[in-house]
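Undergrad: Before I ask anything, here is the structure I am working with.
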Amino acid sequence: MKHVELIGVSKSFEKQQNVLNEIDLSIEKGEFFVLVGPSGSGKSTLLRMIAGLEDITGGILKISDKTVNHLPPKDRNLSMVFQNYALYPHLTVEQNILFGLHVKKTPKKEQQKRLKETADMMGLTELLKRKPKELSGGQRQRVALARSVVSESPICLMDEPLSNLDAKLRAHMRIEIRRLQKKLGLTMIYVTHDQVEAMTMGDRIMVLNEGKIQQVGKPITLYNKPANLFVASFIGSPKMNMGKAVFSNQQLIIEDKLHLSLDRAEAAGIPKDKNLNIGIRAEHIFPGTHDNTTHELEVINVEQLGNETLITFEIGKELWTAKWLGQWNVHTGDKVAVSISMKNMSFFDADSGLLIKPASAEREQEVVAI
Amino acid sequence: MASFSLGKTMKYILLIFFALLFLMPVYVIIVTSLKPLDEVSLEHMWALPSSIDFSSYVQAVKELAPNFMNSVYLVIPATLLSALLGAMNGYVLSKWKFKGSETLFTFILFGMFIPYQSILIPMIQFIRSIGLYDTIPGLVLVHVVYGLPITTLMFRNFYANIPDQMIEAAKIDGASFLGVFRHIMVPLSITGFVVVAIWQFTNIWNEFLFAVTVTTNETQPVMVALQNLSGSQIVQWNVQMAGAVIAALPTLLIYILLGKYFVRGLLAGSVKG
Amino acid sequence: MELAEHKKRNRRKMTKDHWTAVAFLIPSVILILIFVYGFIAWTGYVSVSNWSTLVPDFSFAGLQNYISLFQDYRFQSDLRNTIFFTIFFIGLVIVMGLGLGILIDQKLKGESLFRNIFLFPMALSFIVTGVVWQWLLNPSTGFNQFLKFFGITPKWYTDTNILAGFEWGQIEFGVPVAIIAVVIAAAWQMTGFSLAMYLAGLRGVPDELREAARMDGASEFQIYRKVVIPMLMPITVSVIIIMAHMSLKIFDLIYAMTGSGANFVTDVPAVYMYETTFKGNNYANGAAIAIIMLLVVAVFIVPYLWNSRKGDH
């Protein structure tokens, strides 16, 4: 069932027109949906419009098939977790959690029941009598989450809830939030600027840029088949290696520097007369072996992460990074053998930015469950 | 979406109602002060004058002019001196914390809250004994001393907002206590001085208790003279109102022109730095 | 060897700076010591003396002056008046300041204009205010011209009625109606202060908090009652303390507006002190009143100052 639906939704402010432009979107019940994009892309505004904290300039917003454009937040049966947690400083943790129920005049017995369940679930039972200023960042975050959980709203909105936490805690909370969502069957709409969060948490993700949808789909789909240049460079870490490309004399020439022999089968269907950009993922610049080396490139930077090695080359005006598993004995200035082939490249129309041909699909590694 | 459900018009109506209420006395003062004496009657207080008559102002100026100047001679030196001392104290207490500096600060601050009645008698005796009774310099001395706590408070809070790191950088560069004061604090203090000066100017100009006990007759500042006007036998309301306008003019002008700094001074009066 | 030399040189430089700092502070500290604490002690000394004429008389009177004061009709009236003036004045200033602050906080147009209108009386002297409101609340003039249409003509500060009075000592203990007039004038002048404080505080309540409350289902009214106003509690406390200390000492306004009033209905300790000392030459009596005033103010101020100090650590 379509739980949340946006039809042609636009938003303009007095000072800024078209912050969001003709957004069409539908989110299924129980889905973990991520809105991701750079700052200023409009993702928080979109979330706040769903919440009812901002007016909708144009278009229709439906929740459970009911048009809710003019419904105030409290009538939309949503819950929200804010970036800075928004805990009431003058109330205890217990009062913070129960604030919503208190204000809606839920019977006391019901309040206590839900409080106990939620506190147990979030590990807050010991902290109920404390005030927010006595809590650590992670504890405050859990209280903010508890407030949502206790409301038993089927839809939960999250506005960059993890951005104020340190990296380790963030990684841990990603898992916790995901588990919570699955356990309670919530429909989650999650906003973040961090593409790693988007990739790891979303059932489906939507990339936004400058108020327009760039692509919607499963994370892995956006990774393998980015719809345009923006998505290609936004998703994936390290960034997808990009370059200008031109077909000439039976060759593909990238950034006027890298020459690849033309692979007929791969080149079919790509218009030769357009301005082209290609993209190739870091893990697809393979270390060159005896029989498959295609180029020798000079290393300008090496990063040893322990489990993998990132090696940077200069390709024309671009810097390309290769990701090799393991610890490789490579140093700046070395000339290194690599294997680059057209079949790992995605082709884009340089003028429109749109995808022409994705890299050939990798064999999906299936894990057989026993 | 994001405001009181009371309806915008209702809010405007309420605000305008109260604003008019607050401005009503102004209307009355101005209207009364512009009436000739025969028109000033209790029944027609609200009526506009039949013609604009400045005669009450002429008379008020005649009566109050010398006292007005007394106030000027009082306020300017007193403001400057108490501000300077306050800046010095504020600097030390905010940037050179030593053991007991907080207690010392509280010790000084208490002086701001005491009822001046509790020091009035010895103060008069003292002023008499050093021959400054019934003089403006005597009154200046009084205001400088009792202005110390508030100016110290305001400057301490003001300087607390100057990042310690700036001072530390200067110390590493070799600046001494005085050097830091001269080269960093004072140049950055212009706003602070303006706020303190406006505050002191307003308070000292408007002050009454010290003025009425330390000075008499010709030496009195304008507020005492104004009060005397209204205590006289025949109450000429139009002259009184004109007098009130004249006496209030300097502080009002400062408020209108430099209101932003006035408000800052107001808020600095809440002790929590 | 070098390290020790360096340390000594540093300590010497520190000491020079240290002495300059002391030099900066010493004048003020000495002045405060003498003119505040010393003079208070002196006033205390006078209050237990017999000095009641132009000629100083420092013979010891013990607590006699205090005892007589508390049995004095005028002083008892003063205490009563001060209590009710303080309560009504603070109440009105807080309600008005908070109410107007919330209204102005509603993101309406003309915000600075309104703020300036409510604040400007603070630039005036209490004398000016007293002179003007004496005129405005004169029973034959002023507001009564309007109120005549409604059929009521209050006697304002000439009213010697005491509401809900019961006998207490020598006086009737109740609300002197006349004090209402003075409360109005004082509130007109000082509402701007609490307004400025509350406005600053309202700005300090993060939007996110109000939005979270909205999401939690609270109405705007509930948000004010349960989130915003409780968060403004520290400001309310500050305003109460500062207004209280002001109202306990109030002198200029009363002196200019009503004087002590018939049957002392608007008299306050500060006026009594002034008149008994400088008109009646009864210095010992005046000193005793002054000390009592000081002690009452200290009850509010000392805890307030002590708390602020702890906060700084």
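Labels used: A, B, ... for chains in the order of the structure tokens, numbers from 1 for residues in each chain, and numbers from 1 for ligands as shown.
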Would you mind listing what lies within 8 Å of B:Met88 as a ChimeraX atom specification, with only C-alpha atoms counted and same-chain residues fewer than 4 positions away left out?
TA: /B:84,92,152 /C:24-25
Undergrad: Keeping C-alpha atoms for every residue in the selection just given, could you write it to a file as a PDB file, in the first residue's frame?
TA:
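Written file, part35.pdb:
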```
ATOM      1  CA  LEU B  84      36.945  54.470  33.028  1.00  0.00           C
ATOM      2  CA  VAL B  92      41.103  42.691  35.616  1.00  0.00           C
ATOM      3  CA  THR B 152      32.366  47.168  36.699  1.00  0.00           C
TER       4      THR B 152
ATOM      5  CA  PHE C  24      44.029  48.823  38.747  1.00  0.00           C
ATOM      6  CA  LEU C  25      41.712  47.360  41.320  1.00  0.00           C
TER       7      LEU C  25
END
```
Undergrad: Which chain C residues have any atom within 7 Å of an atom of chain B, and for each, what is the nearest pair of atoms with distance in Å to one decimal, counting only C-alpha atoms, rows sorted by chain and number, as a tab-separated table?
TA:
```
residue	atom	partner	partner_atom	distance
C:Asp17	CA	B:Phe177	CA	5.3
C:Thr20	CA	B:Phe177	CA	7.0
C:Ala21	CA	B:Val92	CA	6.2
C:Phe24	CA	B:Met88	CA	6.0
C:Leu25	CA	B:Asn89	CA	5.7
C:Leu31	CA	B:Val145	CA	6.6
C:Ile32	CA	B:Ile108	CA	6.5
C:Val36	CA	B:Gly111	CA	6.2
C:Phe39	CA	B:Ile119	CA	5.2
C:Ile40	CA	B:Ile119	CA	5.4
C:Trp42	CA	B:Pro122	CA	6.5
C:Thr43	CA	B:Ser118	CA	6.3
C:Leu103	CA	B:Lys11	CA	6.6
C:Gln106	CA	B:Ser3	CA	6.1
C:Phe114	CA	B:Ala19	CA	6.7
C:Ile117	CA	B:Ala19	CA	6.4
C:Phe118	CA	B:Phe22	CA	6.6
C:Ala123	CA	B:Thr251	CA	5.8
C:Leu124	CA	B:Ala248	CA	6.1
C:Ser125	CA	B:Asn206	CA	4.5
C:Ile127	CA	B:Met223	CA	6.6
C:Val128	CA	B:Ala244	CA	5.7
C:Ser140	CA	B:Leu42	CA	6.3
C:Thr141	CA	B:Leu42	CA	4.8
C:Gly142	CA	B:Met45	CA	6.6
C:Trp188	CA	B:Phe22	CA	6.9
C:Met197	CA	B:Leu267	CA	6.5
C:Glu220	CA	B:Phe4	CA	5.6
C:Ser238	CA	B:Ser270	CA	6.8
C:Lys249	CA	B:Pro115	CA	5.8
C:Asp252	CA	B:Phe208	CA	6.4
C:Ala256	CA	B:Gln227	CA	6.3
C:Ala287	CA	B:Ser118	CA	6.9
C:Ala290	CA	B:Ser118	CA	4.6
C:Ile291	CA	B:Ser118	CA	5.8
C:Met293	CA	B:Pro115	CA	6.8
C:Leu294	CA	B:Pro115	CA	6.0
C:Leu305	CA	B:Thr106	CA	6.8
C:Ser308	CA	B:Lys272	CA	5.7
C:Arg309	CA	B:Glu102	CA	6.7
```
Undergrad: What residues in chain C have any atom no more than 10 Å from chain A when counting only C-alpha atoms, and can you write them as number ranges by chain?
TA: C: 206-219, 222-223, 226-228, 230-233
Undergrad: Could those residues be written to a file, using N, CA, C and O atoms, as a PDB file, in the first residue's frame?
TA:
```pdb
ATOM      1  N   PRO C 206      14.947  27.486  21.132  1.00  0.00           N
ATOM      2  CA  PRO C 206      15.210  27.045  19.755  1.00  0.00           C
ATOM      3  C   PRO C 206      13.916  26.683  19.033  1.00  0.00           C
ATOM      4  O   PRO C 206      13.013  26.089  19.620  1.00  0.00           O
ATOM      5  N   ASP C 207      13.858  27.050  17.752  1.00  0.00           N
ATOM      6  CA  ASP C 207      12.685  26.715  16.943  1.00  0.00           C
ATOM      7  C   ASP C 207      12.428  25.221  16.946  1.00  0.00           C
ATOM      8  O   ASP C 207      11.291  24.774  16.961  1.00  0.00           O
ATOM      9  N   GLU C 208      13.533  24.467  16.956  1.00  0.00           N
ATOM     10  CA  GLU C 208      13.410  23.011  16.870  1.00  0.00           C
ATOM     11  C   GLU C 208      12.558  22.462  18.000  1.00  0.00           C
ATOM     12  O   GLU C 208      11.800  21.518  17.847  1.00  0.00           O
ATOM     13  N   LEU C 209      12.711  23.082  19.182  1.00  0.00           N
ATOM     14  CA  LEU C 209      11.970  22.636  20.348  1.00  0.00           C
ATOM     15  C   LEU C 209      10.475  22.846  20.144  1.00  0.00           C
ATOM     16  O   LEU C 209       9.660  21.982  20.468  1.00  0.00           O
ATOM     17  N   ARG C 210      10.143  24.013  19.585  1.00  0.00           N
ATOM     18  CA  ARG C 210       8.717  24.275  19.354  1.00  0.00           C
ATOM     19  C   ARG C 210       8.179  23.323  18.295  1.00  0.00           C
ATOM     20  O   ARG C 210       7.037  22.862  18.383  1.00  0.00           O
ATOM     21  N   GLU C 211       9.017  23.024  17.295  1.00  0.00           N
ATOM     22  CA  GLU C 211       8.557  22.116  16.234  1.00  0.00           C
ATOM     23  C   GLU C 211       8.376  20.715  16.775  1.00  0.00           C
ATOM     24  O   GLU C 211       7.429  20.021  16.415  1.00  0.00           O
ATOM     25  N   ALA C 212       9.287  20.293  17.636  1.00  0.00           N
ATOM     26  CA  ALA C 212       9.144  18.962  18.223  1.00  0.00           C
ATOM     27  C   ALA C 212       7.847  18.880  19.005  1.00  0.00           C
ATOM     28  O   ALA C 212       7.129  17.887  18.941  1.00  0.00           O
ATOM     29  N   ALA C 213       7.521  19.943  19.733  1.00  0.00           N
ATOM     30  CA  ALA C 213       6.279  19.945  20.492  1.00  0.00           C
ATOM     31  C   ALA C 213       5.083  19.890  19.558  1.00  0.00           C
ATOM     32  O   ALA C 213       4.084  19.221  19.831  1.00  0.00           O
ATOM     33  N   ARG C 214       5.181  20.603  18.429  1.00  0.00           N
ATOM     34  CA  ARG C 214       4.105  20.568  17.443  1.00  0.00           C
ATOM     35  C   ARG C 214       3.917  19.148  16.927  1.00  0.00           C
ATOM     36  O   ARG C 214       2.804  18.660  16.774  1.00  0.00           O
ATOM     37  N   MET C 215       5.056  18.478  16.639  1.00  0.00           N
ATOM     38  CA  MET C 215       4.990  17.102  16.157  1.00  0.00           C
ATOM     39  C   MET C 215       4.414  16.186  17.232  1.00  0.00           C
ATOM     40  O   MET C 215       3.752  15.218  16.938  1.00  0.00           O
ATOM     41  N   ASP C 216       4.719  16.506  18.480  1.00  0.00           N
ATOM     42  CA  ASP C 216       4.185  15.703  19.576  1.00  0.00           C
ATOM     43  C   ASP C 216       2.697  15.909  19.745  1.00  0.00           C
ATOM     44  O   ASP C 216       2.064  15.246  20.555  1.00  0.00           O
ATOM     45  N   GLY C 217       2.155  16.884  19.006  1.00  0.00           N
ATOM     46  CA  GLY C 217       0.710  17.056  19.056  1.00  0.00           C
ATOM     47  C   GLY C 217       0.220  18.201  19.917  1.00  0.00           C
ATOM     48  O   GLY C 217      -0.968  18.324  20.163  1.00  0.00           O
ATOM     49  N   ALA C 218       1.126  19.067  20.375  1.00  0.00           N
ATOM     50  CA  ALA C 218       0.675  20.148  21.250  1.00  0.00           C
ATOM     51  C   ALA C 218       0.119  21.302  20.438  1.00  0.00           C
ATOM     52  O   ALA C 218       0.609  21.605  19.356  1.00  0.00           O
ATOM     53  N   SER C 219      -0.899  21.971  20.966  1.00  0.00           N
ATOM     54  CA  SER C 219      -1.421  23.177  20.317  1.00  0.00           C
ATOM     55  C   SER C 219      -0.492  24.324  20.661  1.00  0.00           C
ATOM     56  O   SER C 219       0.328  24.219  21.569  1.00  0.00           O
ATOM     57  N   GLN C 222      -0.607  25.228  24.208  1.00  0.00           N
ATOM     58  CA  GLN C 222       0.076  24.272  25.062  1.00  0.00           C
ATOM     59  C   GLN C 222       1.593  24.420  24.966  1.00  0.00           C
ATOM     60  O   GLN C 222       2.307  24.251  25.950  1.00  0.00           O
ATOM     61  N   ILE C 223       2.050  24.739  23.768  1.00  0.00           N
ATOM     62  CA  ILE C 223       3.495  24.904  23.605  1.00  0.00           C
ATOM     63  C   ILE C 223       3.986  26.028  24.494  1.00  0.00           C
ATOM     64  O   ILE C 223       5.015  25.924  25.157  1.00  0.00           O
ATOM     65  N   LYS C 226       3.579  24.770  28.285  1.00  0.00           N
ATOM     66  CA  LYS C 226       4.353  23.651  28.807  1.00  0.00           C
ATOM     67  C   LYS C 226       5.816  23.660  28.405  1.00  0.00           C
ATOM     68  O   LYS C 226       6.629  22.964  28.983  1.00  0.00           O
ATOM     69  N   VAL C 227       6.160  24.414  27.366  1.00  0.00           N
ATOM     70  CA  VAL C 227       7.550  24.397  26.931  1.00  0.00           C
ATOM     71  C   VAL C 227       8.200  25.776  27.084  1.00  0.00           C
ATOM     72  O   VAL C 227       9.176  25.943  27.814  1.00  0.00           O
ATOM     73  N   VAL C 228       7.616  26.784  26.415  1.00  0.00           N
ATOM     74  CA  VAL C 228       8.286  28.081  26.365  1.00  0.00           C
ATOM     75  C   VAL C 228       8.352  28.755  27.727  1.00  0.00           C
ATOM     76  O   VAL C 228       9.430  29.141  28.202  1.00  0.00           O
ATOM     77  N   PRO C 230       7.934  27.627  30.872  1.00  0.00           N
ATOM     78  CA  PRO C 230       8.826  26.998  31.858  1.00  0.00           C
ATOM     79  C   PRO C 230      10.295  27.258  31.559  1.00  0.00           C
ATOM     80  O   PRO C 230      11.098  27.429  32.468  1.00  0.00           O
ATOM     81  N   MET C 231      10.638  27.292  30.277  1.00  0.00           N
ATOM     82  CA  MET C 231      12.033  27.544  29.943  1.00  0.00           C
ATOM     83  C   MET C 231      12.438  28.968  30.267  1.00  0.00           C
ATOM     84  O   MET C 231      13.626  29.282  30.347  1.00  0.00           O
ATOM     85  N   LEU C 232      11.475  29.851  30.425  1.00  0.00           N
ATOM     86  CA  LEU C 232      11.793  31.237  30.748  1.00  0.00           C
ATOM     87  C   LEU C 232      11.915  31.463  32.249  1.00  0.00           C
ATOM     88  O   LEU C 232      12.107  32.590  32.694  1.00  0.00           O
ATOM     89  N   MET C 233      11.807  30.410  33.027  1.00  0.00           N
ATOM     90  CA  MET C 233      11.831  30.558  34.483  1.00  0.00           C
ATOM     91  C   MET C 233      13.036  31.348  35.002  1.00  0.00           C
ATOM     92  O   MET C 233      12.872  32.249  35.836  1.00  0.00           O
TER      93      MET C 233
END
```
Undergrad: Neighbouring residues of B:Gly192 were defined as those with any atom within 8 Å, considering only C-alpha atoms; residues of the same chain fewer than 6 positions away were excluded. Please report them as a PyMOL selection string.
TA: chain B and resi 154-155+158
Undergrad: For a quick check of understanding, using only C-alpha atoms, which of A:Gln139, A:Leu297, A:Glu117, A:Ala146 has the smallest distance to A:Ile285?
TA: A:Leu297
Undergrad: Which polymer residues have any atom within 8 Å of an atom of A:Leu262, counting only C-alpha atoms, with same-chain residues fewer than 5 positions away left out, as a list in words?
TA: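 In the requested form, the answer reads Gln250, Gln251, Leu252, Ala267 and Met342 of chain A.
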Undergrad: Based on the selection just made, write N, CA and C atoms of those residues as an mmCIF file, in the first residue's frame.
TA:
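What landed in selection.cif:
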```
data_model
loop_
_atom_site.group_PDB
_atom_site.id
_atom_site.type_symbol
_atom_site.label_atom_id
_atom_site.label_comp_id
_atom_site.auth_asym_id
_atom_site.auth_seq_id
_atom_site.Cartn_x
_atom_site.Cartn_y
_atom_site.Cartn_z
ATOM 1 N N GLN A 250 39.428 4.075 -34.097
ATOM 2 C CA GLN A 250 39.329 2.754 -33.457
ATOM 3 C C GLN A 250 39.805 2.769 -32.012
ATOM 4 N N GLN A 251 39.828 3.943 -31.431
ATOM 5 C CA GLN A 251 40.242 3.962 -30.036
ATOM 6 C C GLN A 251 39.282 4.826 -29.228
ATOM 7 N N LEU A 252 39.264 4.559 -27.911
ATOM 8 C CA LEU A 252 38.560 5.436 -26.975
ATOM 9 C C LEU A 252 39.633 6.220 -26.249
ATOM 10 N N ALA A 267 31.108 -0.922 -27.587
ATOM 11 C CA ALA A 267 30.887 0.421 -28.123
ATOM 12 C C ALA A 267 29.582 0.539 -28.874
ATOM 13 N N MET A 342 36.982 -1.214 -21.196
ATOM 14 C CA MET A 342 35.769 -0.480 -21.491
ATOM 15 C C MET A 342 34.546 -1.106 -20.853
#
```
Undergrad: Please identify all polymer residues within 12 Å of C:Pro176, counting only C-alpha atoms, omitting same-chain residues fewer than 4 positions from it, and present them as a PyMOL selection string.
TA: chain C and resi 77-85+88+155-166+171-172+180-183+261-267
Undergrad: Pull N, CA and C atoms from the residues just selected and write them as a short mmCIF file (atom, residue, chain, number, x, y, z; two decimals), in the first residue's frame.
TA:
```cif
data_model
loop_
_atom_site.label_atom_id
_atom_site.label_comp_id
_atom_site.auth_asym_id
_atom_site.auth_seq_id
_atom_site.Cartn_x
_atom_site.Cartn_y
_atom_site.Cartn_z
N SER C 77 2.44 51.62 58.57
CA SER C 77 1.78 51.87 57.29
C SER C 77 2.75 51.66 56.15
N ASP C 78 3.98 52.16 56.35
CA ASP C 78 4.99 52.01 55.31
C ASP C 78 5.21 50.55 54.95
N LEU C 79 5.31 49.72 55.97
CA LEU C 79 5.54 48.30 55.72
C LEU C 79 4.40 47.70 54.93
N ARG C 80 3.21 48.01 55.36
CA ARG C 80 2.04 47.50 54.66
C ARG C 80 2.04 47.95 53.20
N ASN C 81 2.25 49.25 53.00
CA ASN C 81 2.25 49.79 51.64
C ASN C 81 3.32 49.12 50.78
N THR C 82 4.50 48.95 51.37
CA THR C 82 5.59 48.34 50.59
C THR C 82 5.23 46.92 50.19
N ILE C 83 4.67 46.17 51.11
CA ILE C 83 4.32 44.78 50.79
C ILE C 83 3.37 44.74 49.60
N PHE C 84 2.30 45.53 49.67
CA PHE C 84 1.33 45.45 48.59
C PHE C 84 1.83 46.08 47.31
N PHE C 85 2.56 47.17 47.46
CA PHE C 85 3.12 47.77 46.24
C PHE C 85 4.00 46.76 45.53
N PHE C 88 1.91 43.83 43.84
CA PHE C 88 1.16 44.21 42.64
C PHE C 88 2.08 44.69 41.52
N LYS C 155 -10.97 57.48 43.12
CA LYS C 155 -10.27 58.60 43.75
C LYS C 155 -8.76 58.44 43.65
N TRP C 156 -8.32 57.35 43.01
CA TRP C 156 -6.89 57.10 42.78
C TRP C 156 -6.09 57.34 44.03
N TYR C 157 -5.07 58.20 43.92
CA TYR C 157 -4.16 58.26 45.05
C TYR C 157 -4.68 59.12 46.20
N THR C 158 -5.87 59.68 46.01
CA THR C 158 -6.40 60.43 47.15
C THR C 158 -7.34 59.56 47.97
N ASP C 159 -7.51 58.35 47.49
CA ASP C 159 -8.44 57.46 48.17
C ASP C 159 -7.80 56.92 49.44
N THR C 160 -8.46 57.11 50.58
CA THR C 160 -7.86 56.63 51.80
C THR C 160 -8.42 55.28 52.22
N ASN C 161 -9.16 54.68 51.32
CA ASN C 161 -9.74 53.37 51.64
C ASN C 161 -8.70 52.28 51.73
N ILE C 162 -8.95 51.38 52.63
CA ILE C 162 -8.07 50.21 52.72
C ILE C 162 -8.95 48.99 52.52
N LEU C 163 -8.69 48.26 51.44
CA LEU C 163 -9.53 47.12 51.14
C LEU C 163 -9.19 45.94 52.03
N ALA C 164 -10.21 45.22 52.39
CA ALA C 164 -10.04 43.98 53.16
C ALA C 164 -9.14 44.20 54.36
N GLY C 165 -9.39 45.28 55.05
CA GLY C 165 -8.49 45.61 56.15
C GLY C 165 -8.84 44.94 57.45
N PHE C 166 -7.84 44.57 58.16
CA PHE C 166 -8.07 44.09 59.52
C PHE C 166 -7.07 44.75 60.42
N ILE C 171 -2.37 49.88 62.82
CA ILE C 171 -2.98 50.29 61.55
C ILE C 171 -4.01 49.29 61.09
N GLU C 172 -4.60 49.66 59.97
CA GLU C 172 -5.50 48.74 59.31
C GLU C 172 -4.70 48.04 58.23
N ILE C 180 -2.68 51.60 44.25
CA ILE C 180 -2.90 51.13 42.88
C ILE C 180 -2.42 52.17 41.88
N ALA C 181 -2.71 53.43 42.19
CA ALA C 181 -2.30 54.50 41.27
C ALA C 181 -0.79 54.48 41.07
N VAL C 182 -0.07 54.34 42.16
CA VAL C 182 1.39 54.35 42.08
C VAL C 182 1.88 53.10 41.33
N VAL C 183 1.21 51.98 41.56
CA VAL C 183 1.60 50.74 40.87
C VAL C 183 1.48 50.93 39.37
N GLY C 261 0.89 60.95 51.23
CA GLY C 261 -0.53 60.69 51.10
C GLY C 261 -1.28 60.88 52.40
N ALA C 262 -2.58 61.15 52.28
CA ALA C 262 -3.40 61.32 53.48
C ALA C 262 -3.40 60.02 54.26
N ASN C 263 -3.23 60.13 55.55
CA ASN C 263 -3.21 58.94 56.40
C ASN C 263 -2.12 57.94 55.98
N PHE C 264 -1.08 58.48 55.35
CA PHE C 264 0.07 57.67 54.97
C PHE C 264 -0.27 56.51 54.04
N VAL C 265 -1.31 56.65 53.22
CA VAL C 265 -1.67 55.52 52.37
C VAL C 265 -0.64 55.24 51.27
N THR C 266 0.17 56.23 50.91
CA THR C 266 1.17 55.92 49.90
C THR C 266 2.59 56.12 50.43
N ASP C 267 2.72 56.19 51.72
CA ASP C 267 4.05 56.40 52.29
C ASP C 267 4.88 55.12 52.19
#
```
